[in-house]
file target_34.txt (compact mmCIF, C-alpha atoms and all ligand atoms)
# COMPACT_ATOMS: atom_id res chain seq x y z
CA MET A 305 0.00 0.00 0.00
CA GLU A 306 2.73 2.42 0.93
CA ASP A 307 4.52 1.66 -2.37
CA LYS A 308 1.32 2.32 -4.26
CA ILE A 309 0.92 5.71 -2.56
CA LYS A 310 4.56 6.59 -3.36
CA ALA A 311 3.96 5.58 -6.97
CA ILE A 312 0.91 7.84 -7.18
CA GLN A 313 3.00 10.67 -5.81
CA GLU A 314 5.77 10.16 -8.37
CA GLU A 315 3.30 9.88 -11.19
CA ALA A 316 1.50 13.06 -10.09
CA ILE A 317 4.74 15.03 -9.70
CA ALA A 318 5.89 13.90 -13.15
CA LYS A 319 2.60 14.98 -14.74
CA ILE A 320 2.71 18.33 -12.97
CA GLY A 321 6.22 18.79 -14.32
CA SER A 322 5.11 18.16 -17.89
CA VAL A 323 1.97 20.31 -18.16
CA SER A 324 2.35 23.55 -20.06
CA ASN A 325 -0.81 25.48 -19.27
CA LEU A 326 -3.12 26.25 -16.37
CA ASP A 327 -6.06 24.21 -17.75
CA ASP A 328 -4.00 21.02 -17.91
CA LEU A 329 -2.66 21.71 -14.44
CA GLU A 330 -6.21 21.94 -13.10
CA GLY A 331 -6.92 18.59 -14.80
CA VAL A 332 -4.00 17.00 -12.93
CA ARG A 333 -5.27 18.47 -9.64
CA VAL A 334 -8.72 17.00 -10.16
CA ASP A 335 -7.26 13.61 -11.14
CA TYR A 336 -5.09 13.30 -8.05
CA LEU A 337 -6.70 15.37 -5.33
CA GLY A 338 -10.34 15.48 -6.47
CA LYS A 339 -13.24 13.45 -5.03
CA LYS A 340 -12.74 10.70 -7.56
CA GLY A 341 -8.96 10.70 -7.36
CA ASP A 342 -6.89 7.64 -6.31
CA LEU A 343 -5.82 9.17 -3.00
CA THR A 344 -9.40 9.92 -2.00
CA LYS A 345 -10.29 6.32 -2.85
CA ILE A 346 -7.54 5.06 -0.55
CA LEU A 347 -8.79 7.25 2.30
CA ARG A 348 -12.32 5.97 1.74
CA GLY A 349 -11.12 2.39 1.91
CA MET A 350 -9.36 2.84 5.28
CA GLY A 351 -12.12 0.83 7.00
CA SER A 352 -10.74 -2.38 5.53
CA LEU A 353 -7.22 -1.82 6.89
CA GLU A 354 -5.74 -3.19 10.06
CA PRO A 355 -6.54 -0.66 12.83
CA GLU A 356 -2.83 -0.04 13.57
CA MET A 357 -2.14 0.63 9.88
CA ARG A 358 -4.88 3.27 9.57
CA PRO A 359 -2.94 6.22 11.11
CA VAL A 360 0.18 5.24 9.14
CA ILE A 361 -1.59 5.16 5.79
CA GLY A 362 -3.79 8.15 6.64
CA GLY A 363 -0.72 10.18 7.60
CA LEU A 364 1.12 9.13 4.46
CA VAL A 365 -1.80 10.00 2.14
CA ASN A 366 -2.11 13.41 3.74
CA LYS A 367 1.63 14.02 3.41
CA VAL A 368 1.53 13.02 -0.26
CA LYS A 369 -1.50 15.21 -0.84
CA GLY A 370 0.44 18.07 0.74
CA GLU A 371 3.42 17.40 -1.56
CA ILE A 372 1.25 17.27 -4.66
CA ASN A 373 -0.55 20.46 -3.61
CA LYS A 374 2.79 22.18 -3.10
CA ALA A 375 4.02 21.04 -6.52
CA ILE A 376 0.81 22.28 -8.12
CA SER A 377 1.10 25.70 -6.45
CA GLN A 378 4.70 26.03 -7.58
CA LYS A 379 3.83 25.05 -11.12
CA GLU A 380 0.90 27.43 -11.08
CA SER A 381 3.05 30.41 -10.16
CA GLN A 382 5.64 29.35 -12.77
CA LEU A 383 2.97 29.22 -15.48
CA LYS A 384 1.45 32.53 -14.41
CA GLU A 385 4.84 34.19 -14.39
CA ALA A 386 5.62 32.84 -17.86
CA ALA A 387 2.24 34.02 -19.17
CA LYS A 388 2.89 37.48 -17.73
CA LYS A 389 6.33 37.63 -19.36
CA GLU A 390 4.83 36.59 -22.67
CA ARG A 391 2.16 39.27 -22.42
CA LEU A 392 4.67 41.97 -21.52
CA LYS A 393 6.77 40.94 -24.50
CA MET A 394 3.75 41.29 -26.79
CA GLU A 395 2.91 44.67 -25.36
CA THR A 396 6.38 46.11 -25.63
CA ILE A 397 6.34 49.66 -27.01
CA ASP A 398 9.19 50.69 -29.23
CA VAL A 399 9.66 54.28 -28.19
CA THR A 400 12.08 54.83 -31.06
CA LEU A 401 9.38 54.18 -33.71
CA PRO A 402 8.28 57.36 -35.45
CA GLY A 403 4.76 58.40 -34.40
CA ASN A 404 1.72 58.48 -36.66
CA GLU A 405 1.90 61.72 -38.56
CA LEU A 406 -0.99 64.08 -37.83
CA LYS A 407 -2.09 65.74 -41.04
CA VAL A 408 -2.72 69.39 -40.31
CA GLY A 409 -4.68 71.29 -42.95
CA LYS A 410 -3.74 74.66 -44.36
CA LYS A 411 -5.65 77.85 -44.88
CA HIS A 412 -6.99 78.37 -48.37
CA PRO A 413 -5.19 81.19 -50.24
CA LEU A 414 -8.42 83.22 -50.28
CA THR A 415 -8.70 82.86 -46.51
CA LEU A 416 -5.08 83.96 -46.17
CA VAL A 417 -5.80 87.13 -48.17
CA PHE A 418 -9.01 87.81 -46.22
CA ASP A 419 -7.14 87.39 -42.93
CA GLU A 420 -4.29 89.63 -44.00
CA ILE A 421 -6.56 92.44 -45.22
CA LYS A 422 -8.77 92.22 -42.14
CA ASP A 423 -5.66 92.48 -39.94
CA ILE A 424 -4.44 95.58 -41.76
CA PHE A 425 -7.79 97.36 -41.39
CA LEU A 426 -8.40 96.30 -37.81
CA GLY A 427 -5.01 97.92 -37.13
CA LEU A 428 -6.32 101.15 -38.71
CA GLY A 429 -9.35 101.23 -36.40
CA PHE A 430 -11.88 99.73 -38.82
CA THR A 431 -14.47 97.16 -37.76
CA ILE A 432 -16.00 94.36 -39.83
CA ALA A 433 -19.54 94.70 -41.20
CA GLU A 434 -21.68 92.08 -42.92
CA GLY A 435 -24.68 92.09 -45.18
CA PRO A 436 -26.87 89.49 -46.92
CA GLU A 437 -25.84 87.77 -50.16
CA ILE A 438 -29.47 87.75 -51.28
CA GLU A 439 -30.04 91.45 -51.62
CA THR A 440 -32.76 93.81 -52.82
CA ASP A 441 -32.44 95.89 -55.96
CA TYR A 442 -32.53 98.92 -53.69
CA TYR A 443 -29.38 98.10 -51.70
CA ASN A 444 -27.45 96.59 -54.59
CA PHE A 445 -28.19 99.34 -57.15
CA GLU A 446 -30.75 102.02 -56.38
CA ALA A 447 -29.26 103.39 -53.16
CA LEU A 448 -25.81 103.30 -54.77
CA ASN A 449 -27.01 105.82 -57.33
CA PHE A 450 -27.65 103.31 -60.12
CA PRO A 451 -31.22 104.26 -61.07
CA ASP A 452 -33.31 101.82 -63.09
CA ASN A 453 -31.94 101.48 -66.63
CA HIS A 454 -28.64 103.07 -65.65
CA PRO A 455 -26.05 101.77 -68.15
CA ALA A 456 -23.60 100.89 -65.35
CA ARG A 457 -26.01 98.09 -64.33
CA ASP A 458 -25.06 96.23 -67.52
CA MET A 459 -21.59 95.51 -66.22
CA GLN A 460 -23.05 93.78 -63.20
CA ASP A 461 -25.64 91.39 -64.56
CA THR A 462 -26.63 88.90 -61.89
CA PHE A 463 -29.04 86.14 -60.87
CA TYR A 464 -32.50 87.44 -60.08
CA ILE A 465 -34.72 85.68 -57.56
CA THR A 466 -37.64 88.04 -58.15
CA GLU A 467 -37.72 91.32 -60.01
CA ASN A 468 -36.53 93.09 -56.87
CA THR A 469 -34.44 90.41 -55.20
CA LEU A 470 -31.10 89.29 -56.53
CA LEU A 471 -27.74 87.81 -55.62
CA ARG A 472 -25.61 90.82 -54.76
CA THR A 473 -23.08 91.81 -57.42
CA HIS A 474 -20.75 93.59 -55.01
CA THR A 475 -20.22 94.22 -51.33
CA SER A 476 -20.98 97.94 -51.86
CA SER A 477 -24.53 97.21 -50.64
CA VAL A 478 -23.08 96.88 -47.13
CA GLN A 479 -22.08 100.57 -47.29
CA ILE A 480 -25.77 101.47 -47.43
CA ARG A 481 -26.83 99.09 -44.69
CA THR A 482 -24.04 100.41 -42.45
CA MET A 483 -24.93 104.07 -42.98
CA GLU A 484 -28.62 103.36 -42.35
CA GLY A 485 -27.79 101.50 -39.16
CA GLN A 486 -25.22 103.75 -37.55
CA GLU A 487 -24.34 107.41 -37.18
CA PRO A 488 -20.99 108.64 -38.49
CA PRO A 489 -18.13 108.52 -37.79
CA ILE A 490 -17.96 105.20 -39.63
CA ARG A 491 -14.98 103.02 -40.41
CA VAL A 492 -15.90 99.56 -41.69
CA ILE A 493 -14.76 96.90 -44.09
CA ALA A 494 -17.23 94.37 -45.48
CA PRO A 495 -15.73 91.09 -46.68
CA GLY A 496 -18.01 88.67 -48.48
CA ARG A 497 -19.18 86.59 -51.41
CA VAL A 498 -20.68 88.17 -54.53
CA TYR A 499 -22.25 86.93 -57.76
CA ARG A 500 -22.38 87.86 -61.43
CA SER A 501 -23.68 85.99 -64.43
CA ASP A 502 -20.25 85.80 -66.04
CA ASP A 503 -18.97 82.86 -68.04
CA ILE A 504 -16.11 80.95 -66.44
CA ASP A 505 -12.62 81.59 -67.81
CA ALA A 506 -9.13 82.10 -66.40
CA THR A 507 -10.12 85.37 -64.70
CA HIS A 508 -13.90 85.06 -64.15
CA THR A 509 -16.20 82.92 -62.03
CA PRO A 510 -19.88 83.60 -61.36
CA VAL A 511 -19.18 83.47 -57.62
CA PHE A 512 -16.26 85.39 -56.17
CA HIS A 513 -15.27 87.52 -53.18
CA GLN A 514 -14.81 91.18 -52.44
CA ILE A 515 -13.83 93.41 -49.58
CA GLU A 516 -15.54 96.75 -49.39
CA GLY A 517 -14.34 99.67 -47.29
CA LEU A 518 -16.17 102.76 -46.07
CA MET A 519 -15.01 105.68 -43.98
CA VAL A 520 -17.33 108.59 -43.18
CA ASP A 521 -16.30 111.41 -40.89
CA LYS A 522 -15.89 115.21 -40.76
CA ASP A 523 -13.54 116.63 -43.43
CA ILE A 524 -12.62 113.35 -45.04
CA SER A 525 -10.79 114.08 -48.30
CA PHE A 526 -9.23 112.21 -51.18
CA ALA A 527 -5.92 112.52 -49.29
CA ASN A 528 -7.31 110.25 -46.55
CA LEU A 529 -8.37 107.74 -49.19
CA LYS A 530 -4.91 107.78 -50.76
CA GLY A 531 -3.22 107.40 -47.38
CA VAL A 532 -5.28 104.35 -46.42
CA LEU A 533 -5.00 102.60 -49.79
CA ILE A 534 -1.25 103.20 -50.17
CA LYS A 535 -0.79 101.73 -46.69
CA LEU A 536 -2.94 98.71 -47.67
CA ILE A 537 -1.12 98.07 -50.93
CA LYS A 538 2.37 98.38 -49.46
CA GLU A 539 1.43 96.01 -46.63
CA LEU A 540 0.00 93.51 -49.11
CA PHE A 541 2.57 93.65 -51.88
CA GLY A 542 5.70 95.10 -50.27
CA ASP A 543 7.23 98.53 -49.76
CA ASP A 544 8.94 98.71 -53.18
CA ARG A 545 5.66 98.66 -55.09
CA GLU A 546 4.41 101.94 -56.60
CA VAL A 547 0.72 102.87 -56.40
CA ARG A 548 -1.16 104.78 -59.13
CA PHE A 549 -4.61 106.39 -59.02
CA ARG A 550 -6.38 106.68 -62.39
CA PRO A 551 -9.60 108.67 -62.90
CA SER A 552 -12.56 106.37 -63.41
CA TYR A 553 -16.33 106.23 -63.05
CA PHE A 554 -18.61 104.57 -60.51
CA PRO A 555 -22.16 105.87 -59.95
CA PHE A 556 -21.73 105.88 -56.16
CA THR A 557 -18.46 107.84 -55.94
CA GLU A 558 -17.37 111.25 -57.21
CA PRO A 559 -14.57 111.59 -58.01
CA SER A 560 -13.83 107.91 -58.70
CA ALA A 561 -10.52 106.20 -59.27
CA GLU A 562 -9.10 102.89 -60.24
CA VAL A 563 -6.00 101.97 -58.32
CA ASP A 564 -3.03 100.14 -59.81
CA VAL A 565 0.08 98.59 -58.29
CA SER A 566 3.36 98.45 -60.21
CA CYS A 567 3.99 95.00 -61.66
CA ALA A 568 6.26 92.93 -59.42
CA ALA A 569 7.23 90.58 -62.27
CA CYS A 570 8.98 93.34 -64.31
CA ASP A 571 9.28 96.08 -61.68
CA GLY A 572 7.13 98.35 -63.84
CA ASP A 573 9.08 97.94 -67.10
CA GLY A 574 6.25 96.09 -68.85
CA CYS A 575 5.97 92.34 -69.37
CA ARG A 576 3.45 89.59 -70.17
CA VAL A 577 1.95 89.62 -66.66
CA CYS A 578 0.98 93.33 -66.90
CA SER A 579 0.30 93.25 -70.67
CA GLY A 580 3.27 95.51 -71.24
CA THR A 581 1.88 98.39 -69.16
CA GLY A 582 3.96 97.98 -66.00
CA TRP A 583 0.78 98.28 -63.87
CA LEU A 584 -1.86 95.91 -62.49
CA GLU A 585 -5.31 97.15 -61.56
CA ILE A 586 -6.33 96.02 -58.10
CA LEU A 587 -9.28 98.06 -56.85
CA GLY A 588 -11.89 100.74 -57.37
CA ALA A 589 -12.39 103.67 -55.02
CA GLY A 590 -13.66 107.20 -54.66
CA MET A 591 -15.34 109.82 -52.53
CA VAL A 592 -18.85 108.72 -51.56
CA HIS A 593 -21.34 110.54 -53.82
CA PRO A 594 -23.50 113.06 -51.89
CA ASN A 595 -26.64 111.39 -53.31
CA VAL A 596 -25.57 108.11 -51.67
CA LEU A 597 -24.94 109.79 -48.32
CA GLU A 598 -28.29 111.58 -48.44
CA MET A 599 -30.29 108.49 -49.50
CA SER A 600 -28.86 106.66 -46.47
CA GLY A 601 -29.75 109.48 -44.10
CA VAL A 602 -26.29 111.04 -43.76
CA ASP A 603 -26.11 114.85 -44.08
CA SER A 604 -23.66 115.46 -46.92
CA GLU A 605 -23.09 119.06 -45.78
CA GLU A 606 -21.78 117.82 -42.46
CA TRP A 607 -20.09 114.56 -43.38
CA SER A 608 -17.93 113.24 -46.21
CA GLY A 609 -16.43 109.88 -46.86
CA PHE A 610 -14.51 107.57 -49.10
CA ALA A 611 -15.18 104.02 -50.22
CA PHE A 612 -13.25 101.33 -52.01
CA GLY A 613 -13.83 97.78 -53.19
CA MET A 614 -11.47 95.03 -54.21
CA GLY A 615 -11.67 91.51 -55.59
CA VAL A 616 -10.11 88.99 -53.25
CA GLU A 617 -9.41 86.41 -55.99
CA ARG A 618 -7.61 89.04 -58.04
CA ILE A 619 -5.42 90.04 -55.09
CA ALA A 620 -4.64 86.39 -54.27
CA MET A 621 -3.71 85.77 -57.91
CA LEU A 622 -1.37 88.77 -58.05
CA LYS A 623 0.15 88.11 -54.66
CA TYR A 624 0.85 84.43 -55.19
CA GLY A 625 1.38 84.42 -58.98
CA ILE A 626 -1.70 82.26 -59.72
CA ASP A 627 -2.53 82.41 -63.43
CA ASP A 628 -5.97 80.79 -63.46
CA ILE A 629 -8.80 81.67 -61.06
CA ARG A 630 -10.22 78.12 -61.37
CA LEU A 631 -7.26 76.77 -59.39
CA LEU A 632 -8.79 78.48 -56.35
CA TYR A 633 -11.92 76.32 -56.63
CA ASN A 634 -10.73 72.94 -57.92
CA ASN A 635 -9.66 71.75 -54.46
CA ASP A 636 -6.55 70.10 -55.84
CA LEU A 637 -4.36 69.38 -52.82
CA ARG A 638 -1.18 69.66 -54.90
CA PHE A 639 -2.10 73.29 -55.45
CA LEU A 640 -3.51 74.07 -52.00
CA LYS A 641 -0.54 72.57 -50.13
CA GLN A 642 1.76 75.26 -51.50
CA PHE A 643 0.37 78.06 -49.34
N1 LIG A 701 -18.43 97.83 -56.35
C1 LIG A 701 -17.40 98.02 -57.37
C2 LIG A 701 -17.37 96.75 -58.24
O1 LIG A 701 -17.77 95.71 -57.79
C3 LIG A 701 -16.06 98.23 -56.73
C4 LIG A 701 -15.97 99.53 -56.05
C5 LIG A 701 -15.54 100.64 -56.74
C6 LIG A 701 -16.33 99.69 -54.73
C7 LIG A 701 -15.44 101.87 -56.16
C8 LIG A 701 -16.26 100.95 -54.12
C9 LIG A 701 -15.81 102.02 -54.85
O2 LIG A 701 -16.59 101.14 -52.85
O3 LIG A 701 -15.71 103.23 -54.25
O4 LIG A 701 -16.92 96.84 -59.34
call {"tool": "encode", "arguments": {"input": "target_34.txt", "output": "structure tokens", "more": "lines below"}}
Ligand code: DAH
result
Amino acid sequence: MEDKIKAIQEEAIAKIGSVSNLDDLEGVRVDYLGKKGDLTKILRGMGSLEPEMRPVIGGLVNKVKGEINKAISQKESQLKEAAKKERLKMETIDVTLPGNELKVGKKHPLTLVFDEIKDIFLGLGFTIAEGPEIETDYYNFEALNFPDNHPARDMQDTFYITENTLLRTHTSSVQIRTMEGQEPPIRVIAPGRVYRSDDIDATHTPVFHQIEGLMVDKDISFANLKGVLIKLIKELFGDDREVRFRPSYFPFTEPSAEVDVSCAACDGDGCRVCSGTGWLEILGAGMVHPNVLEMSGVDSEEWSGFAFGMGVERIAMLKYGIDDIRLLYNNDLRFLKQF
């Protein structure tokens, strides 16, 4: 009997030594120490032993059970330790690996120009005004001194929603809304989207952007207009650029001017970019017509003002050397990434 118990012990220890995972180890425990295991059977059969043998065998079985239990516990911690090491190995982080690159977007060139011009004017004490893109005939034309059938309307054909409602052709309508809504002194710029029924080509799109400016105060003269616009143009295009004011016509200003900047490509000598003239037209401007002031409730005897308007696409194209306006709308990343 004692030999048999020893044999069970050896067999159990050998099996414990050979298992390689916790499930198999549990199987060995059940086989040897469980209710149906050989050792339990021996304990159950003690009744048939000689009385003096019972404590000997009982003691031996318990000792063997203790040994097997100990071996199982040891094996269990070995297996758990190994599993932990394996897991740590799998979870190792290589801190020298380059990280996942975060793709940061860029501002669109039109946004860059808007931001730059807004910054310049905020620095000059202007604030930003807004108006609706769906505008009435009154604000887009009438109040800007374009009466019905005025020939200057032809240059700004647009999309009509009703006979009196249209998509605004310029941001000049915001001049009127501003003067109606606030007493002078006024210093505002109005950036925004405008529409014209133009065919698409390298310099035209039916939707584009403008920034309007309006200053109304006591004794405002053409000299103030020149001062502000020269400052703007030098900030935008650099100090070496020359600025030229040419007489022009707009119904809502008198006198009116078109403003040119000397061509950066040829330094004013004349080249393909400036069609040989040495100058590039960048905006329209003038002294606000007294009719416009009066129609908006501003006393033209007391106040005077200047206004100007520029195309944002045109400025972006000149500033960044873009030769086709459609590039600004195609959303080609190869183009947009360059800014
Ligand atoms: N609204 C004119 C246009 O879209 C631009 C313009 C010219 C605006 C002269 C002005 C101005 O404020 O004084 O062609």
call {"tool": "closest_atom_pairs", "arguments": {"input": "target_34.txt", "of": "chain A", "to": "ligand LIG 701 (chain A)", "cutoff": "6 Å", "atoms": "all atoms listed in the file", "output": "tab-separated table"}}
result
residue	atom	partner	partner_atom	distance
A:His474	CA	A:LIG701	O1	4.6
A:Ser476	CA	A:LIG701	N1	5.2
A:Glu516	CA	A:LIG701	O2	5.7
A:Thr557	CA	A:LIG701	O3	5.6
A:Gly588	CA	A:LIG701	C5	3.7
A:Ala589	CA	A:LIG701	O3	3.4
A:Gly590	CA	A:LIG701	O3	4.5
A:Ala611	CA	A:LIG701	O3	4.1
A:Phe612	CA	A:LIG701	O2	3.4
A:Gly613	CA	A:LIG701	C6	3.5
call {"tool": "atom_distance", "arguments": {"input": "target_34.txt", "atom1": "atom CA of A:Asn449", "atom2": "atom CA of A:Val596"}}
result
6.3 Å
call {"tool": "closest_residue", "arguments": {"input": "target_34.txt", "among": "A:Asn468, A:Thr415, A:Ser552, A:Thr507", "to": "A:Leu640", "atoms": "only C-alpha atoms"}}
result
A:Thr415
call {"tool": "residues_near_point", "arguments": {"input": "target_34.txt", "point": "(-5.4, 106.6, -64.5)", "cutoff": "8 Å", "atoms": "only C-alpha atoms", "output": "list of chain:residue names"}}
result
A:Arg548, A:Phe549, A:Arg550, A:Pro551, A:Ser552, A:Ala561, A:Glu562, A:Val563
call {"tool": "closest_residue", "arguments": {"input": "target_34.txt", "among": "A:Ile493, A:Leu353, A:Val520, A:Ile432", "to": "A:Leu597", "atoms": "all atoms listed in the file"}}
result
A:Val520
call {"tool": "atom_distance", "arguments": {"input": "target_34.txt", "atom1": "atom CA of A:Ala316", "atom2": "atom CA of A:Lys389"}}
result
26.7 Å
call {"tool": "residues_around", "arguments": {"input": "target_34.txt", "residues": "A:Asp423", "least_positions_apart": "6", "cutoff": "12 Å", "atoms": "all atoms listed in the file", "output": "ChimeraX atom specification"}}
result
/A:416-417,429-432,493,536,539-540
